[in-house]
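Structure file start25.pdb (PDB, C-alpha atoms) is printed below.
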MODEL        1
ATOM      1  CA  MET R   1     176.037 110.389  46.182
ATOM      2  CA  SER R   2     173.339 109.346  43.735
ATOM      3  CA  ASP R   3     171.102 106.393  42.931
ATOM      4  CA  SER R   4     168.774 106.943  40.003
ATOM      5  CA  LEU R   5     165.762 105.515  41.866
ATOM      6  CA  ALA R   6     166.581 107.368  45.090
ATOM      7  CA  GLY R   7     167.203 110.785  43.556
ATOM      8  CA  LYS R   8     170.320 112.726  44.518
ATOM      9  CA  ILE R   9     171.744 114.901  47.257
ATOM     10  CA  GLN R  10     172.998 118.227  45.970
ATOM     11  CA  ASP R  11     174.474 120.860  48.316
ATOM     12  CA  GLY R  12     172.942 119.036  51.295
ATOM     13  CA  VAL R  13     169.424 118.969  49.798
ATOM     14  CA  HIS R  14     167.844 115.769  48.567
ATOM     15  CA  ILE R  15     166.043 115.996  45.212
ATOM     16  CA  LEU R  16     163.672 113.246  44.119
ATOM     17  CA  PRO R  17     161.877 113.331  40.748
ATOM     18  CA  VAL R  18     158.283 112.084  40.801
ATOM     19  CA  ARG R  19     155.863 111.723  37.898
ATOM     20  CA  VAL R  20     152.149 112.193  38.545
ATOM     21  CA  TYR R  21     150.164 109.140  37.474
ATOM     22  CA  TYR R  22     146.421 108.693  37.066
ATOM     23  CA  GLU R  23     146.282 106.897  40.435
ATOM     24  CA  ASP R  24     147.626 110.047  42.146
ATOM     25  CA  THR R  25     144.753 112.235  40.965
ATOM     26  CA  ASP R  26     141.147 112.842  41.871
ATOM     27  CA  PHE R  27     138.242 112.862  39.419
ATOM     28  CA  SER R  28     139.369 116.225  37.989
ATOM     29  CA  GLY R  29     142.924 115.131  37.092
ATOM     30  CA  VAL R  30     144.477 117.119  39.959
ATOM     31  CA  VAL R  31     146.721 115.417  42.534
ATOM     32  CA  TYR R  32     144.633 114.389  45.551
ATOM     33  CA  TYR R  33     145.893 116.339  48.583
ATOM     34  CA  ALA R  34     146.876 113.288  50.663
ATOM     35  CA  ASN R  35     149.119 111.969  47.887
ATOM     36  CA  TYR R  36     151.530 114.854  48.433
ATOM     37  CA  LEU R  37     152.207 113.265  51.845
ATOM     38  CA  LYS R  38     153.230 110.078  50.028
ATOM     39  CA  PHE R  39     155.592 112.058  47.797
ATOM     40  CA  PHE R  40     157.101 113.684  50.909
ATOM     41  CA  GLU R  41     157.537 110.264  52.531
ATOM     42  CA  ARG R  42     159.405 108.994  49.483
ATOM     43  CA  GLY R  43     161.679 112.044  49.662
ATOM     44  CA  ARG R  44     162.465 111.478  53.351
ATOM     45  CA  SER R  45     163.031 107.747  52.897
ATOM     46  CA  ASP R  46     165.335 108.163  49.919
ATOM     47  CA  PHE R  47     167.268 110.985  51.599
ATOM     48  CA  LEU R  48     167.924 108.691  54.560
ATOM     49  CA  ARG R  49     168.870 105.848  52.198
ATOM     50  CA  LEU R  50     171.429 108.013  50.363
ATOM     51  CA  ALA R  51     172.745 109.324  53.691
ATOM     52  CA  GLY R  52     173.489 105.720  54.687
ATOM     53  CA  ILE R  53     170.578 105.222  57.086
ATOM     54  CA  HIS R  54     168.299 102.325  56.204
ATOM     55  CA  HIS R  55     164.936 101.410  57.719
ATOM     56  CA  THR R  56     165.988  97.756  57.803
ATOM     57  CA  GLU R  57     169.024  98.586  59.987
ATOM     58  CA  LEU R  58     166.730 100.166  62.568
ATOM     59  CA  MET R  59     164.481  97.111  62.596
ATOM     60  CA  ASP R  60     167.412  94.671  62.766
ATOM     61  CA  ALA R  61     169.170  96.493  65.638
ATOM     62  CA  GLU R  62     169.577  94.921  69.076
ATOM     63  CA  LYS R  63     166.720  97.194  70.215
ATOM     64  CA  PRO R  64     164.511  97.483  67.098
ATOM     65  CA  ALA R  65     163.201 100.938  66.243
ATOM     66  CA  ALA R  66     161.329 102.722  63.461
ATOM     67  CA  TRP R  67     160.891 106.269  62.162
ATOM     68  CA  VAL R  68     157.496 107.933  62.602
ATOM     69  CA  VAL R  69     156.174 111.347  61.655
ATOM     70  CA  ARG R  70     155.360 113.194  64.877
ATOM     71  CA  ARG R  71     154.153 116.431  63.316
ATOM     72  CA  ILE R  72     153.666 117.810  59.814
ATOM     73  CA  GLU R  73     152.503 121.253  58.742
ATOM     74  CA  VAL R  74     151.597 121.484  55.050
ATOM     75  CA  ASP R  75     150.824 124.463  52.813
ATOM     76  CA  TYR R  76     149.150 123.699  49.484
ATOM     77  CA  LEU R  77     149.982 126.514  47.077
ATOM     78  CA  LYS R  78     149.216 125.302  43.536
ATOM     79  CA  PRO R  79     147.846 122.061  42.051
ATOM     80  CA  ALA R  80     149.830 119.395  40.240
ATOM     81  CA  LYS R  81     148.148 117.518  37.420
ATOM     82  CA  ILE R  82     148.368 114.172  35.696
ATOM     83  CA  ASP R  83     151.650 113.618  33.794
ATOM     84  CA  ASP R  84     153.444 116.487  35.583
ATOM     85  CA  VAL R  85     157.059 115.820  36.500
ATOM     86  CA  LEU R  86     157.642 117.081  40.031
ATOM     87  CA  HIS R  87     160.690 117.330  42.257
ATOM     88  CA  VAL R  88     160.523 116.668  45.988
ATOM     89  CA  PHE R  89     163.139 118.668  47.911
ATOM     90  CA  THR R  90     164.117 117.615  51.439
ATOM     91  CA  ALA R  91     166.468 119.517  53.759
ATOM     92  CA  PHE R  92     167.294 118.541  57.346
ATOM     93  CA  GLU R  93     167.239 121.328  59.927
ATOM     94  CA  LYS R  94     167.845 119.786  63.347
ATOM     95  CA  VAL R  95     168.625 116.488  65.063
ATOM     96  CA  LYS R  96     168.158 116.159  68.814
ATOM     97  CA  GLY R  97     167.470 113.202  71.100
ATOM     98  CA  ALA R  98     164.923 110.982  69.381
ATOM     99  CA  ARG R  99     163.755 113.644  66.892
ATOM    100  CA  PHE R 100     164.789 115.297  63.685
ATOM    101  CA  SER R 101     163.153 118.104  61.754
ATOM    102  CA  MET R 102     163.231 119.017  58.102
ATOM    103  CA  ARG R 103     161.655 121.203  55.462
ATOM    104  CA  GLN R 104     160.223 119.744  52.302
ATOM    105  CA  SER R 105     158.781 121.192  49.132
ATOM    106  CA  ILE R 106     157.350 119.874  45.902
ATOM    107  CA  CYS R 107     157.985 121.874  42.762
ATOM    108  CA  ARG R 108     157.050 121.722  39.100
ATOM    109  CA  GLY R 109     159.915 123.479  37.376
ATOM    110  CA  SER R 110     160.433 126.731  39.265
ATOM    111  CA  ASP R 111     156.883 126.734  40.702
ATOM    112  CA  GLU R 112     156.586 125.654  44.316
ATOM    113  CA  LEU R 113     153.334 123.701  44.671
ATOM    114  CA  VAL R 114     153.431 122.381  48.239
ATOM    115  CA  ASN R 115     155.721 122.860  51.225
ATOM    116  CA  ALA R 116     155.913 121.250  54.636
ATOM    117  CA  LYS R 117     157.647 121.420  57.986
ATOM    118  CA  VAL R 118     158.124 117.891  59.314
ATOM    119  CA  GLU R 119     159.207 116.537  62.677
ATOM    120  CA  ALA R 120     159.987 112.828  62.823
ATOM    121  CA  ALA R 121     161.114 110.618  65.677
ATOM    122  CA  ALA R 122     162.627 107.241  66.298
ATOM    123  CA  ILE R 123     160.485 104.935  68.420
ATOM    124  CA  ARG R 124     160.936 101.477  69.874
ATOM    125  CA  MET R 125     158.441  98.747  69.056
ATOM    126  CA  ASP R 126     156.542  99.525  72.271
ATOM    127  CA  GLY R 127     155.921 103.085  70.987
ATOM    128  CA  ARG R 128     158.354 104.857  73.325
ATOM    129  CA  PRO R 129     160.936 107.307  71.952
ATOM    130  CA  ALA R 130     164.320 105.856  71.027
ATOM    131  CA  ARG R 131     167.334 108.152  71.117
ATOM    132  CA  ILE R 132     168.897 108.377  67.648
ATOM    133  CA  ALA R 133     172.151 106.405  67.719
ATOM    134  CA  LYS R 134     175.339 108.475  67.598
ATOM    135  CA  GLU R 135     176.433 107.129  64.197
ATOM    136  CA  MET R 136     173.022 107.917  62.658
ATOM    137  CA  ARG R 137     172.904 111.338  64.287
ATOM    138  CA  GLU R 138     176.345 112.150  62.838
ATOM    139  CA  LYS R 139     175.201 111.079  59.369
ATOM    140  CA  LEU R 140     172.131 113.335  59.619
ATOM    141  CA  GLU R 141     174.061 116.283  61.081
ATOM    142  CA  ALA R 142     176.310 116.267  57.993
ATOM    143  CA  TYR R 143     173.281 117.472  55.994
ATOM    144  CA  ILE R 144     171.814 120.075  58.344
ATOM    145  CA  GLN R 145     171.003 123.281  56.482
TER     146      GLN R 145
ENDMDL
END
Give the structure from the file, written as structure tokens.
Amino acid sequence: MSDSLAGKIQDGVHILPVRVYYEDTDFSGVVYYANYLKFFERGRSDFLRLAGIHHTELMDAEKPAAWVVRRIEVDYLKPAKIDDVLHVFTAFEKVKGARFSMRQSICRGSDELVNAKVEAAAIRMDGRPARIAKEMREKLEAYIQ
């Protein structure tokens, strides 16, 4: 399944192209470290969108919920620079209870620049964990690597 704005899922891995703009860089023209987290977030959100899981559905449910990042471990390997075209890769690894885990990487061509291990969770509006609904869990499990 593909949507030009949302990237594509290929062999169970979501691929999202991202161009580096001036606003993404620091004074030296290198991507500011925290902006890689934004690129990762876009990758996760668009993967879920293409998998048929929408943030608005969670919020509109009988018991509203939202996705939150519980833990992220990031390795910065090489810098990206203004005007670079990057690809954010997202692969799901596990879904259990209220949590799911995935691996993400950002590459420029064949060079891996940044990688991350991410654990996210569904929470209710009061901040407590919300078990991932069966239909959503099944959609995510279809992409587990």
Report as a compact mmCIF listing (two decimals) with C-alpha atoms, keeping the file's coordinate frame the full result of the PyMOL selection byres ((chain R and resi 101-107) around 8) when it is applied to this structure.
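What landed in result-v1.txt:
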# COMPACT_ATOMS: atom_id res chain seq x y z
CA PHE R 40 157.10 113.68 50.91
CA LEU R 86 157.64 117.08 40.03
CA HIS R 87 160.69 117.33 42.26
CA VAL R 88 160.52 116.67 45.99
CA PHE R 89 163.14 118.67 47.91
CA THR R 90 164.12 117.62 51.44
CA ALA R 91 166.47 119.52 53.76
CA PHE R 92 167.29 118.54 57.35
CA GLU R 93 167.24 121.33 59.93
CA LYS R 94 167.84 119.79 63.35
CA VAL R 95 168.62 116.49 65.06
CA ARG R 99 163.76 113.64 66.89
CA PHE R 100 164.79 115.30 63.68
CA ARG R 108 157.05 121.72 39.10
CA GLY R 109 159.92 123.48 37.38
CA SER R 110 160.43 126.73 39.26
CA ASP R 111 156.88 126.73 40.70
CA GLU R 112 156.59 125.65 44.32
CA LEU R 113 153.33 123.70 44.67
CA VAL R 114 153.43 122.38 48.24
CA ASN R 115 155.72 122.86 51.22
CA ALA R 116 155.91 121.25 54.64
CA LYS R 117 157.65 121.42 57.99
CA VAL R 118 158.12 117.89 59.31
CA GLU R 119 159.21 116.54 62.68
CA ALA R 120 159.99 112.83 62.82
Counting all atoms listed in the file, the residue of R:Phe27, R:Ala51, R:Val20, R:Ile123 that sits nearest R:Arg137:
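With all atoms listed in the file as the atom set, the closest residue is R:Ala51.
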Choose the residue, out of R:Arg44, R:Leu16, R:Glu141, R:Pro64, that has the smallest atom-to-atom separation from R:Ala122; count only C-alpha atoms.
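Among the listed residues, R:Pro64 lies closest to R:Ala122.
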To one decimal place, how far is atom CA of R:Tyr32 from atom CA of R:Pro17 in Å?
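Spanning atom CA of R:Tyr32 to atom CA of R:Pro17 is a straight-line distance of 17.9 Å.
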Separation of atom CA of R:Val30 and atom CA of R:Ile15, in Å?
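That distance, rounded to one decimal, is 22.2 Å.
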Would you translate the PyMOL selection byres ((chain R and resi 79) around 9) into the concrete set of residues it matches in this file, as a ChimeraX atom specification?
/R:30-31,33,76-78,80-81,113-114
Looking at R:Ala98, R:Leu140, R:Val74, R:Ala130, which one is nearest to R:Leu50, with distances taken over all atoms listed in the file?
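Going through R:Ala98, R:Leu140, R:Val74, R:Ala130 one by one, the smallest distance to R:Leu50 is for R:Leu140.
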Measure the distance from atom CA of R:Ile72 to atom CA of R:Ser45 in Å and round it to one decimal.
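Computed distance, atom CA of R:Ile72 to atom CA of R:Ser45, equals 15.4 Å.
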Just checking: using only C-alpha atoms, which residue out of R:Ala121, R:Leu37, R:Gln145, R:Val69 ends up closest to R:Val13?
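Comparing R:Ala121, R:Leu37, R:Gln145, R:Val69 against R:Val13, the winner is R:Gln145.
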Could you check which of R:Tyr22, R:Pro129, R:Glu138, R:Arg124 is closest to R:Leu58, using all atoms listed in the file?
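Of R:Tyr22, R:Pro129, R:Glu138, R:Arg124, the one nearest R:Leu58, counting all atoms listed in the file, is R:Arg124.
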Do you know which residues are at most 12 Å from R:Glu57 counting all atoms listed in the file, after dropping those on the same chain fewer than 4 positions away, and could you put them as number ranges by chain?
R: 48-49, 52-53, 61-67, 133, 136
Which of these, R:Asp46, R:Ala34, R:Glu41, R:Asp126, has the shortest distance to R:His14 once you count all atoms listed in the file?
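Looking only at the distances to R:His14, the closest residue turns out to be R:Asp46.
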Centre, x/y/z edge lengths, axis-aligned box for stretch 68-75 of chain R with 3 Å per side, as AutoDock Vina command-line options:
--center_x 154.2 --center_y 116.2 --center_z 58.8 --size_x 12.7 --size_y 22.5 --size_z 18.1
